[in-house]
>>> print(open('entry39.tsv').read())   # TSV, C-alpha atoms (C1' of nucleotides)
chain	number	residue	atom	x	y	z
A	1	MET	CA	-8.73	-83.14	-80.09
A	2	ASN	CA	-9.94	-82.04	-76.73
A	3	ASP	CA	-13.62	-82.62	-77.06
A	4	LEU	CA	-13.47	-83.81	-73.49
A	5	ASP	CA	-12.88	-80.38	-72.02
A	6	VAL	CA	-16.60	-79.95	-72.18
A	7	ASN	CA	-18.29	-79.81	-68.80
A	8	LEU	CA	-15.12	-78.95	-66.98
A	9	LEU	CA	-16.14	-75.33	-67.00
A	10	ARG	CA	-18.99	-76.14	-64.66
A	11	GLY	CA	-18.35	-74.54	-61.35
A	12	THR	CA	-15.31	-72.70	-62.64
A	13	LEU	CA	-16.85	-70.20	-65.01
A	14	ASP	CA	-18.50	-68.22	-62.24
A	15	LEU	CA	-15.22	-67.92	-60.43
A	16	LEU	CA	-13.43	-66.77	-63.55
A	17	ILE	CA	-16.02	-64.08	-64.13
A	18	LEU	CA	-15.82	-62.87	-60.57
A	19	LYS	CA	-12.06	-62.84	-60.81
A	20	ALA	CA	-12.19	-60.85	-64.02
A	21	LEU	CA	-14.19	-58.21	-62.20
A	22	SER	CA	-12.02	-58.21	-59.12
A	23	TRP	CA	-9.80	-55.49	-60.56
A	24	GLY	CA	-12.62	-53.18	-61.39
A	25	PRO	CA	-15.71	-52.88	-63.57
A	26	ARG	CA	-15.77	-54.43	-66.99
A	27	HIS	CA	-18.37	-55.01	-69.66
A	28	GLY	CA	-19.35	-58.51	-70.71
A	29	TYR	CA	-17.31	-58.59	-73.84
A	30	GLY	CA	-14.30	-57.48	-71.84
A	31	VAL	CA	-14.82	-60.25	-69.31
A	32	ALA	CA	-14.64	-62.83	-72.06
A	33	GLU	CA	-11.52	-61.24	-73.43
A	34	TRP	CA	-9.91	-61.21	-70.02
A	35	ILE	CA	-10.62	-64.88	-69.45
A	36	GLU	CA	-9.23	-65.85	-72.81
A	37	GLN	CA	-6.12	-63.86	-72.26
A	38	ALA	CA	-5.62	-64.82	-68.63
A	39	THR	CA	-5.77	-68.49	-69.49
A	40	GLY	CA	-3.45	-68.17	-72.45
A	41	THR	CA	-6.34	-68.69	-74.88
A	42	THR	CA	-6.95	-72.11	-73.38
A	43	LEU	CA	-10.47	-71.18	-72.33
A	44	LEU	CA	-12.71	-69.57	-74.90
A	45	ILE	CA	-16.06	-68.39	-73.64
A	46	GLY	CA	-18.89	-68.16	-76.12
A	47	GLU	CA	-21.42	-65.38	-75.80
A	48	GLY	CA	-24.19	-67.92	-75.34
A	49	THR	CA	-22.33	-69.06	-72.27
A	50	LEU	CA	-21.15	-65.74	-70.97
A	51	TYR	CA	-24.27	-63.60	-70.91
A	52	PRO	CA	-26.51	-66.11	-69.17
A	53	ALA	CA	-23.78	-66.53	-66.58
A	54	LEU	CA	-23.59	-62.79	-66.02
A	55	HIS	CA	-27.35	-62.54	-65.61
A	56	ARG	CA	-27.27	-65.47	-63.22
A	57	LEU	CA	-24.60	-63.86	-61.08
A	58	GLU	CA	-26.47	-60.59	-61.08
A	59	ARG	CA	-29.68	-62.31	-60.04
A	60	GLN	CA	-27.72	-63.82	-57.17
A	61	ARG	CA	-26.43	-60.39	-56.23
A	62	ALA	CA	-22.83	-61.35	-56.74
A	63	ILE	CA	-22.39	-58.59	-59.31
A	64	GLU	CA	-24.15	-55.38	-60.23
A	65	SER	CA	-24.53	-53.74	-63.61
A	66	GLU	CA	-24.72	-50.27	-65.02
A	67	TRP	CA	-24.98	-49.04	-68.58
A	68	GLY	CA	-22.11	-47.03	-69.91
A	69	VAL	CA	-19.96	-46.37	-72.91
A	70	SER	CA	-17.03	-48.54	-73.86
A	71	GLU	CA	-13.55	-47.39	-74.81
A	72	ASN	CA	-14.66	-47.94	-78.42
A	73	ASN	CA	-17.56	-45.61	-77.96
A	74	ARG	CA	-20.11	-48.37	-77.84
A	75	ARG	CA	-23.10	-48.87	-75.58
A	76	ALA	CA	-21.95	-51.39	-73.00
A	77	LYS	CA	-23.14	-52.82	-69.72
A	78	TYR	CA	-20.53	-52.58	-67.03
A	79	TYR	CA	-20.45	-55.15	-64.26
A	80	ARG	CA	-18.98	-54.62	-60.85
A	81	LEU	CA	-18.31	-56.99	-57.99
A	82	SER	CA	-20.60	-56.66	-54.98
A	83	ARG	CA	-19.49	-57.42	-51.46
A	84	GLU	CA	-21.17	-60.82	-51.65
A	85	GLY	CA	-19.44	-61.38	-54.95
A	86	ARG	CA	-16.06	-60.75	-53.45
A	87	ALA	CA	-16.77	-63.08	-50.56
A	88	ARG	CA	-17.97	-65.71	-52.96
A	89	LEU	CA	-14.86	-65.35	-55.06
A	90	GLN	CA	-12.72	-66.01	-52.04
A	91	SER	CA	-14.57	-68.95	-50.56
A	92	GLY	CA	-15.27	-70.36	-53.99
A	93	THR	CA	-11.63	-70.24	-54.98
A	94	THR	CA	-10.67	-71.98	-51.79
A	95	SER	CA	-13.05	-74.87	-52.26
A	96	TRP	CA	-12.14	-75.02	-55.93
A	97	GLN	CA	-8.55	-75.51	-54.95
A	98	ARG	CA	-9.48	-78.15	-52.41
A	99	PHE	CA	-11.41	-80.02	-55.03
A	100	VAL	CA	-8.66	-79.79	-57.61
A	101	GLU	CA	-6.01	-80.91	-55.16
A	102	ALA	CA	-8.04	-83.90	-54.09
A	103	ALA	CA	-8.77	-84.93	-57.65
A	104	ALA	CA	-5.21	-84.34	-58.74
A	105	ARG	CA	-3.97	-86.53	-55.93
A	106	ALA	CA	-6.28	-89.34	-56.95
A	107	LEU	CA	-5.53	-88.98	-60.63
A	108	GLY	CA	-1.84	-88.46	-60.19
A	109	ALA	CA	-0.92	-91.59	-58.30
A	110	GLY	CA	1.40	-93.96	-60.13
A	111	VAL	CA	0.00	-95.45	-63.29
A	112	PRO	CA	0.30	-99.21	-63.47
A	113	GLN	CA	2.15	-100.54	-66.48
A	114	PRO	CA	-0.19	-101.26	-69.39
A	115	ALA	CA	-0.38	-105.00	-69.92
B	1	MET	CA	-19.75	-75.30	-45.59
B	2	ASN	CA	-18.74	-76.38	-49.01
B	3	ASP	CA	-22.05	-76.47	-50.76
B	4	LEU	CA	-20.31	-74.88	-53.69
B	5	ASP	CA	-18.40	-77.99	-54.69
B	6	VAL	CA	-21.43	-78.95	-56.65
B	7	ASN	CA	-20.93	-79.16	-60.42
B	8	LEU	CA	-17.19	-79.36	-60.19
B	9	LEU	CA	-17.37	-83.08	-60.58
B	10	ARG	CA	-18.48	-82.61	-64.16
B	11	GLY	CA	-15.84	-83.93	-66.46
B	12	THR	CA	-13.79	-85.29	-63.59
B	13	LEU	CA	-15.93	-88.15	-62.39
B	14	ASP	CA	-15.34	-90.23	-65.47
B	15	LEU	CA	-11.61	-89.86	-65.07
B	16	LEU	CA	-11.76	-90.84	-61.42
B	17	ILE	CA	-13.71	-93.96	-62.27
B	18	LEU	CA	-11.30	-94.94	-64.99
B	19	LYS	CA	-8.42	-94.32	-62.65
B	20	ALA	CA	-10.01	-96.47	-59.98
B	21	LEU	CA	-10.12	-99.33	-62.45
B	22	SER	CA	-6.62	-98.79	-63.75
B	23	TRP	CA	-5.20	-101.15	-61.14
B	24	GLY	CA	-7.55	-103.96	-61.90
B	25	PRO	CA	-11.22	-104.88	-61.87
B	26	ARG	CA	-13.49	-103.55	-59.19
B	27	HIS	CA	-17.19	-103.56	-58.52
B	28	GLY	CA	-19.18	-100.34	-58.44
B	29	TYR	CA	-19.33	-100.06	-54.71
B	30	GLY	CA	-15.59	-100.54	-54.57
B	31	VAL	CA	-15.05	-97.79	-57.11
B	32	ALA	CA	-16.91	-95.34	-54.91
B	33	GLU	CA	-14.90	-96.43	-51.92
B	34	TRP	CA	-11.66	-96.03	-53.79
B	35	ILE	CA	-12.54	-92.51	-54.89
B	36	GLU	CA	-13.50	-91.48	-51.39
B	37	GLN	CA	-10.35	-92.88	-49.95
B	38	ALA	CA	-8.03	-91.65	-52.72
B	39	THR	CA	-9.28	-88.11	-52.31
B	40	GLY	CA	-9.03	-88.17	-48.55
B	41	THR	CA	-12.82	-88.29	-48.21
B	42	THR	CA	-13.05	-84.96	-49.99
B	43	LEU	CA	-15.13	-86.43	-52.80
B	44	LEU	CA	-18.11	-88.52	-51.88
B	45	ILE	CA	-19.89	-90.19	-54.75
B	46	GLY	CA	-23.56	-91.02	-54.33
B	47	GLU	CA	-24.93	-94.18	-55.87
B	48	GLY	CA	-27.32	-92.18	-58.00
B	49	THR	CA	-24.27	-90.54	-59.51
B	50	LEU	CA	-22.01	-93.55	-59.70
B	51	TYR	CA	-24.12	-96.19	-61.39
B	52	PRO	CA	-25.36	-94.06	-64.26
B	53	ALA	CA	-21.77	-93.03	-64.85
B	54	LEU	CA	-20.63	-96.64	-64.97
B	55	HIS	CA	-23.36	-97.52	-67.43
B	56	ARG	CA	-22.46	-94.54	-69.52
B	57	LEU	CA	-18.82	-95.53	-69.65
B	58	GLU	CA	-19.73	-99.07	-70.53
B	59	ARG	CA	-22.00	-97.91	-73.31
B	60	GLN	CA	-19.05	-95.94	-74.61
B	61	ARG	CA	-16.90	-99.04	-74.45
B	62	ALA	CA	-14.46	-97.48	-72.03
B	63	ILE	CA	-15.11	-100.24	-69.51
B	64	GLU	CA	-16.51	-103.76	-69.56
B	65	SER	CA	-18.46	-105.58	-66.91
B	66	GLU	CA	-18.85	-109.11	-65.64
B	67	TRP	CA	-20.88	-110.52	-62.80
B	68	GLY	CA	-19.01	-112.07	-59.95
B	69	VAL	CA	-18.89	-112.45	-56.22
B	70	SER	CA	-17.44	-109.87	-53.92
B	71	GLU	CA	-14.98	-110.44	-51.11
B	72	ASN	CA	-18.00	-110.28	-48.78
B	73	ASN	CA	-19.73	-113.04	-50.66
B	74	ARG	CA	-22.16	-110.76	-52.38
B	75	ARG	CA	-23.35	-110.71	-55.95
B	76	ALA	CA	-21.38	-107.89	-57.59
B	77	LYS	CA	-20.68	-106.55	-61.06
B	78	TYR	CA	-17.02	-106.19	-61.75
B	79	TYR	CA	-15.81	-103.52	-64.13
B	80	ARG	CA	-12.59	-103.63	-66.07
B	81	LEU	CA	-10.81	-101.02	-68.18
B	82	SER	CA	-10.87	-101.61	-71.91
B	83	ARG	CA	-8.08	-100.51	-74.21
B	84	GLU	CA	-10.14	-97.49	-75.23
B	85	GLY	CA	-10.74	-96.78	-71.58
B	86	ARG	CA	-7.06	-96.71	-70.83
B	87	ALA	CA	-6.39	-94.40	-73.75
B	88	ARG	CA	-9.18	-92.15	-72.64
B	89	LEU	CA	-7.82	-92.05	-69.12
B	90	GLN	CA	-4.50	-90.86	-70.41
B	91	SER	CA	-5.65	-88.24	-72.86
B	92	GLY	CA	-8.40	-87.14	-70.53
B	93	THR	CA	-6.04	-86.66	-67.64
B	94	THR	CA	-3.75	-84.59	-69.83
B	95	SER	CA	-6.44	-82.23	-70.97
B	96	TRP	CA	-7.85	-82.11	-67.44
B	97	GLN	CA	-4.48	-80.92	-66.23
B	98	ARG	CA	-4.25	-78.36	-69.00
B	99	PHE	CA	-7.63	-77.01	-68.05
B	100	VAL	CA	-6.84	-76.89	-64.36
B	101	GLU	CA	-3.51	-75.18	-64.92
B	102	ALA	CA	-5.07	-72.54	-67.12
B	103	ALA	CA	-7.86	-71.86	-64.66
B	104	ALA	CA	-5.52	-71.87	-61.70
B	105	ARG	CA	-3.30	-69.34	-63.42
B	106	ALA	CA	-6.23	-67.05	-64.04
B	107	LEU	CA	-7.66	-67.48	-60.56
B	108	GLY	CA	-4.36	-67.35	-58.79
B	109	ALA	CA	-3.09	-64.00	-59.97
B	110	GLY	CA	-2.66	-61.38	-57.27
B	111	VAL	CA	-5.83	-60.41	-55.51
B	112	PRO	CA	-6.38	-56.68	-55.32
B	113	GLN	CA	-6.91	-55.30	-51.86
B	114	PRO	CA	-10.59	-55.10	-50.94
B	115	ALA	CA	-11.71	-51.48	-50.84
C	1	DC	C1'	-36.71	-113.29	-37.69
C	2	DC	C1'	-34.90	-108.57	-37.49
C	3	DG	C1'	-31.92	-105.33	-38.61
C	4	DC	C1'	-27.69	-104.14	-40.76
C	5	DT	C1'	-24.49	-103.95	-44.39
C	6	DC	C1'	-23.39	-104.65	-49.00
C	7	DC	C1'	-24.52	-104.19	-53.61
C	8	DC	C1'	-27.48	-103.28	-57.47
C	9	DC	C1'	-30.78	-100.18	-60.00
C	10	DT	C1'	-34.23	-96.21	-61.93
C	11	DT	C1'	-36.78	-91.93	-62.30
C	12	DG	C1'	-37.43	-87.09	-61.78
C	13	DT	C1'	-35.52	-82.53	-61.25
C	14	DG	C1'	-32.73	-78.80	-61.85
C	15	DT	C1'	-28.63	-76.65	-63.55
C	16	DC	C1'	-25.88	-75.18	-67.16
C	17	DA	C1'	-22.51	-74.95	-71.26
C	18	DC	C1'	-23.17	-74.45	-75.89
C	19	DG	C1'	-24.58	-73.52	-80.70
C	20	DA	C1'	-27.40	-70.95	-83.45
C	21	DG	C1'	-30.00	-67.49	-83.95
C	22	DG	C1'	-31.13	-62.07	-83.95
C	23	DG	C1'	-30.21	-57.06	-83.44
C	24	DA	C1'	-28.37	-52.19	-82.89
C	25	DA	C1'	-24.89	-48.84	-83.46
C	26	DG	C1'	-20.24	-46.79	-84.20
C	27	DA	C1'	-16.22	-46.80	-87.55
C	28	DC	C1'	-14.24	-46.87	-91.93
C	29	DG	C1'	-13.57	-47.04	-96.74
C	30	DT	C1'	-15.29	-45.76	-101.33
D	1	DA	C1'	-24.63	-42.00	-99.03
D	2	DC	C1'	-24.03	-46.94	-98.34
D	3	DG	C1'	-22.14	-51.36	-97.61
D	4	DT	C1'	-19.37	-53.98	-94.41
D	5	DC	C1'	-16.87	-54.86	-90.29
D	6	DT	C1'	-16.51	-54.79	-85.53
D	7	DT	C1'	-18.16	-54.31	-81.05
D	8	DC	C1'	-21.57	-55.19	-77.93
D	9	DC	C1'	-25.99	-56.96	-76.38
D	10	DC	C1'	-29.50	-60.71	-76.05
D	11	DT	C1'	-32.61	-65.31	-76.31
D	12	DC	C1'	-34.05	-70.01	-77.14
D	13	DG	C1'	-33.59	-74.96	-77.67
D	14	DT	C1'	-30.94	-78.95	-76.73
D	15	DG	C1'	-28.29	-82.25	-74.46
D	16	DA	C1'	-25.55	-83.70	-70.74
D	17	DC	C1'	-25.27	-84.91	-66.11
D	18	DA	C1'	-24.87	-84.70	-60.79
D	19	DC	C1'	-27.96	-85.57	-57.31
D	20	DA	C1'	-31.75	-86.95	-54.14
D	21	DA	C1'	-35.09	-90.10	-53.45
D	22	DG	C1'	-36.94	-93.90	-54.28
D	23	DG	C1'	-36.87	-99.50	-54.62
D	24	DG	C1'	-34.91	-104.29	-54.09
D	25	DG	C1'	-32.39	-108.59	-53.01
D	26	DA	C1'	-29.20	-111.28	-50.42
D	27	DG	C1'	-25.74	-112.52	-46.76
D	28	DC	C1'	-24.84	-112.00	-41.83
D	29	DG	C1'	-25.04	-111.48	-36.81
D	30	DG	C1'	-28.04	-111.01	-32.95
>>> encode(input="entry39.tsv", output="structure tokens")
Amino acid sequence: MNDLDVNLLRGTLDLLILKALSWGPRHGYGVAEWIEQATGTTLLIGEGTLYPALHRLERQRAIESEWGVSENNRRAKYYRLSREGRARLQSGTTSWQRFVEAAARALGAGVPQPA
Amino acid sequence: MNDLDVNLLRGTLDLLILKALSWGPRHGYGVAEWIEQATGTTLLIGEGTLYPALHRLERQRAIESEWGVSENNRRAKYYRLSREGRARLQSGTTSWQRFVEAAARALGAGVPQPA
DNA sequence: CCGCTCCCCTTGTGTCACGAGGGAAGACGT
DNA sequence: ACGTCTTCCCTCGTGACACAAGGGGAGCGG
């Protein structure tokens, strides 16, 4: 059905990850779970999407990692928001909203009757 | 300021173009103008972004083109929405809204106090 | 005839979501 | 002891695409 959703994630995924970590450290797997649940299973993040994104954010110093043990007694890498990450979450969310509002306004205007 | 807007256009540009044409034929330049104006100059579409997108949509039979003369007496290619294009505008807008709502819900939840 | 605006186009570059792969290690049943 | 399942990590190749930087032609006003 919705094979068009593709690409929409661009520019939003990073924000979702940062938001997932805004309540405290989480391991990668948990971030994906949070996103799925927080969006009512509308957004499903594959591992091939998630992990590169985490590494990217870490390289950009938006998040920091530390090995630990999960609640299921598994080896897990816990990510935590850095100060820059928190700032980026805020400014990013703001401009995301600006973008969405602008686009929604353009897309939402009255639809002319079809033929 | 907002150098972060980048990438957000992905998956939205096509819809904006289709929407621009939903009121009648327009040439490429006019499409860009419409988008800029309809979004309150929040979204500025470069020509290197616009024309490939138009060609893409035409290749996908969402729009059709025809050479003509602009209101400024210039040679111009006019684009018109096809039936498929109109259908795609509708379904695309719906799933765009679903995506945005889901993301907004996830991003909008209460922000924990910083440190 | 010079510059400006309008209007068209292409190529190269980088980013990135995604699918498909691979692996280790705890838990659990038999 | 030994599959199998789940949790958790990772990488690589591919395709899509926004964007900047180029190039051009043609009307128009000075």
>>> interface_residues(input="entry39.tsv", of="chain A", to="chain D", cutoff="8 Å", atoms="only C-alpha atoms (C1' of nucleotides)", output="VMD selection string")
chain A and resid 29 51 72 74 to 76
>>> interface_residues(input="entry39.tsv", of="chain A", to="chain C", cutoff="8 Å", atoms="only C-alpha atoms (C1' of nucleotides)", output="PyMOL selection string")
chain A and resi 6-7+9-10+46+48-49+73-74
>>> interface_residues(input="entry39.tsv", of="chain A", to="chain B", cutoff="9 Å", atoms="only C-alpha atoms", output="MDAnalysis selection string")
chainID A and resid 2 4:12 15:16 19:20 22:23 35 37:43 86 91:93 95:108 111:112 114
>>> atom_distance(input="entry39.tsv", atom1="CA of Gly30 (chain B)", atom2="CA of Glu47 (chain B)")
11.4 Å
>>> closest_residue(input="entry39.tsv", among="A:Leu44, A:Pro52, A:His27, A:Leu57", to="Val69 (chain A)", atoms="only C-alpha atoms")
A:His27
